[in-house]
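Beneath this line is the structure, given in structure tokens, with notes to follow.
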Amino acid sequence: MIRKRTNKDIFITLVARLVLFAGLYFGVSALWPDLFEHTLFLPIALLITVISVVLRGDFDTNRRPEQMLLKEGEKLILIYGENKTMMPIAQVESVAIDENYLGIIEKNNGNGYDIMCKGSQEQIYHHLKNILGTHIENCKVQLL
């Protein structure tokens with residue numbers, strides 16, 4: 001189940017971007033005081049910041065492996081960003097696992113899927129083992 005963004009998530013992202021923008025604005029205005037005097041830079045940048053935060057999709061790097069790696073029958077479902085890929089579990093040839101990272105290589109095709117997710121190596125491995133079941137013994141597993 002994919003977690004929906006809450007108003008708190010949107011607010012925190014908006015505040016973080018506005019603080020970053022304000023820091024950049026004051027830094028640049030200290031170096032070039034006349035630069036912003038005759039431009040609409042500030043209102044346009046603020047508008048773009050607010051629109052980008054409001055219209056932005058899910059936070060990819062804040063998603064748990066349980067939200068990005070699912071099992072449906074004997075198929076593995078990979079959800080990353082806007083993409084969703086299904087492959088038979090038997091087609092998983094090798095996996096690479098690191099902190100906040102999972103890489104999967106598909107057998108006989110060489111397609112690779114790099115997934116950034118929030119979790120430790122152990123959490124990601126445990127979830128992957130639950131999904132792949134006994135097939136994980138047939139895979140090359142690399143803990144990076």
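Each chain of the structure tokens is named A, B, ... in the order shown, its residues numbered from 1; ligands are numbered from 1 in display order.
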
Practice task
Skip range 99-113 of chain A itself and residues of its chain fewer than 3 positions away, then list as a PyMOL selection string all residues within 12 Å of it, counting only C-alpha atoms.
Solution key: chain A and resi 60-65+68-69+76-81+83-96+116-125+127-128+132+136+138-144

Handout entry: Residue set, chain A restricted to strand (DSSP E), as an NGL selection string
Key = :A and (69-72 or 75-80 or 83-88 or 92-98 or 101-106 or 112-116 or 140-143)

Just-selected residues, C-alpha atoms written as a PDB file, in the first residue's frame:
```pdb
ATOM      1  CA  LEU A  69       8.619  -4.239  -3.685  1.00  0.00           C
ATOM      2  CA  LEU A  70       5.445  -6.321  -3.737  1.00  0.00           C
ATOM      3  CA  LYS A  71       4.435  -9.873  -4.590  1.00  0.00           C
ATOM      4  CA  GLU A  72       1.368 -10.891  -6.563  1.00  0.00           C
ATOM      5  CA  LYS A  75       5.217 -12.232  -9.854  1.00  0.00           C
ATOM      6  CA  LEU A  76       7.456  -9.564  -8.367  1.00  0.00           C
ATOM      7  CA  ILE A  77       6.147  -5.991  -8.635  1.00  0.00           C
ATOM      8  CA  LEU A  78       8.702  -3.167  -8.551  1.00  0.00           C
ATOM      9  CA  ILE A  79       7.359   0.326  -7.947  1.00  0.00           C
ATOM     10  CA  TYR A  80       9.919   3.098  -8.344  1.00  0.00           C
ATOM     11  CA  ASN A  83       7.225   3.343 -12.963  1.00  0.00           C
ATOM     12  CA  LYS A  84       5.751  -0.053 -12.145  1.00  0.00           C
ATOM     13  CA  THR A  85       7.359  -3.258 -13.438  1.00  0.00           C
ATOM     14  CA  MET A  86       6.234  -6.871 -13.085  1.00  0.00           C
ATOM     15  CA  MET A  87       8.459  -9.898 -13.584  1.00  0.00           C
ATOM     16  CA  PRO A  88       8.234 -13.555 -12.646  1.00  0.00           C
ATOM     17  CA  VAL A  92      15.395 -12.664 -10.656  1.00  0.00           C
ATOM     18  CA  GLU A  93      19.053 -13.530 -11.236  1.00  0.00           C
ATOM     19  CA  SER A  94      20.946 -11.362  -8.758  1.00  0.00           C
ATOM     20  CA  VAL A  95      20.357  -8.666  -6.181  1.00  0.00           C
ATOM     21  CA  ALA A  96      22.574  -6.043  -4.600  1.00  0.00           C
ATOM     22  CA  ILE A  97      21.585  -4.555  -1.260  1.00  0.00           C
ATOM     23  CA  ASP A  98      22.988  -1.584   0.610  1.00  0.00           C
ATOM     24  CA  TYR A 101      19.374   0.784  -1.974  1.00  0.00           C
ATOM     25  CA  LEU A 102      18.206  -2.336  -3.790  1.00  0.00           C
ATOM     26  CA  GLY A 103      19.429  -3.430  -7.215  1.00  0.00           C
ATOM     27  CA  ILE A 104      17.790  -6.311  -9.088  1.00  0.00           C
ATOM     28  CA  ILE A 105      19.058  -7.968 -12.295  1.00  0.00           C
ATOM     29  CA  GLU A 106      16.635  -9.936 -14.458  1.00  0.00           C
ATOM     30  CA  GLY A 112      18.658  -3.921 -14.070  1.00  0.00           C
ATOM     31  CA  TYR A 113      16.438  -2.031 -11.676  1.00  0.00           C
ATOM     32  CA  ASP A 114      17.949   0.376  -9.150  1.00  0.00           C
ATOM     33  CA  ILE A 115      15.569   1.246  -6.362  1.00  0.00           C
ATOM     34  CA  MET A 116      16.266   3.870  -3.720  1.00  0.00           C
ATOM     35  CA  LYS A 140      23.419 -14.153  -6.377  1.00  0.00           C
ATOM     36  CA  VAL A 141      23.044 -11.823  -3.383  1.00  0.00           C
ATOM     37  CA  GLN A 142      25.580  -9.053  -2.791  1.00  0.00           C
ATOM     38  CA  LEU A 143      25.561  -7.037   0.401  1.00  0.00           C
TER      39      LEU A 143
END
```

Neighbour list for Leu46 in chain A as a compact mmCIF listing (two decimals) with C-alpha atoms, in the first residue's frame, cut-off 10 Å, only C-alpha atoms, skip fewer than 6 positions in-chain:
```txt
# COMPACT_ATOMS: atom_id res chain seq x y z
CA ARG A 17 12.60 24.70 0.13
CA LEU A 18 11.69 28.25 1.14
CA PHE A 21 15.75 29.60 -1.37
CA ALA A 22 15.98 32.44 1.19
CA SER A 52 6.59 22.46 -7.36
```

Problem - Distance of CA of Ile51 in chain A from CA of Gln67 in chain A, expressed in Å to one decimal place - result: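 Atom-to-atom, CA of Gln67 in chain A and CA of Ile51 in chain A are spaced 26.1 Å apart.
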
Practice task
Can you work out the spacing between CA of Glu66 in chain A and CA of Leu14 in chain A in Å, to one decimal?
Solution key: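 A separation of 26.5 Å between them.
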
Exercise for the section: Could you please determine the separation between CA of Ser29 in chain A and CA of Thr49 in chain A in Å, to one decimal place? Expected result: 18.7 Å

Practice task
Just the helix (DSSP H, G or I) stuff from range 20-141 of chain A, please, per backbone DSSP, written as a ChimeraX atom specification.
Solution key: /A:20-31,41-55,60-62,65-68,89-91,121-138
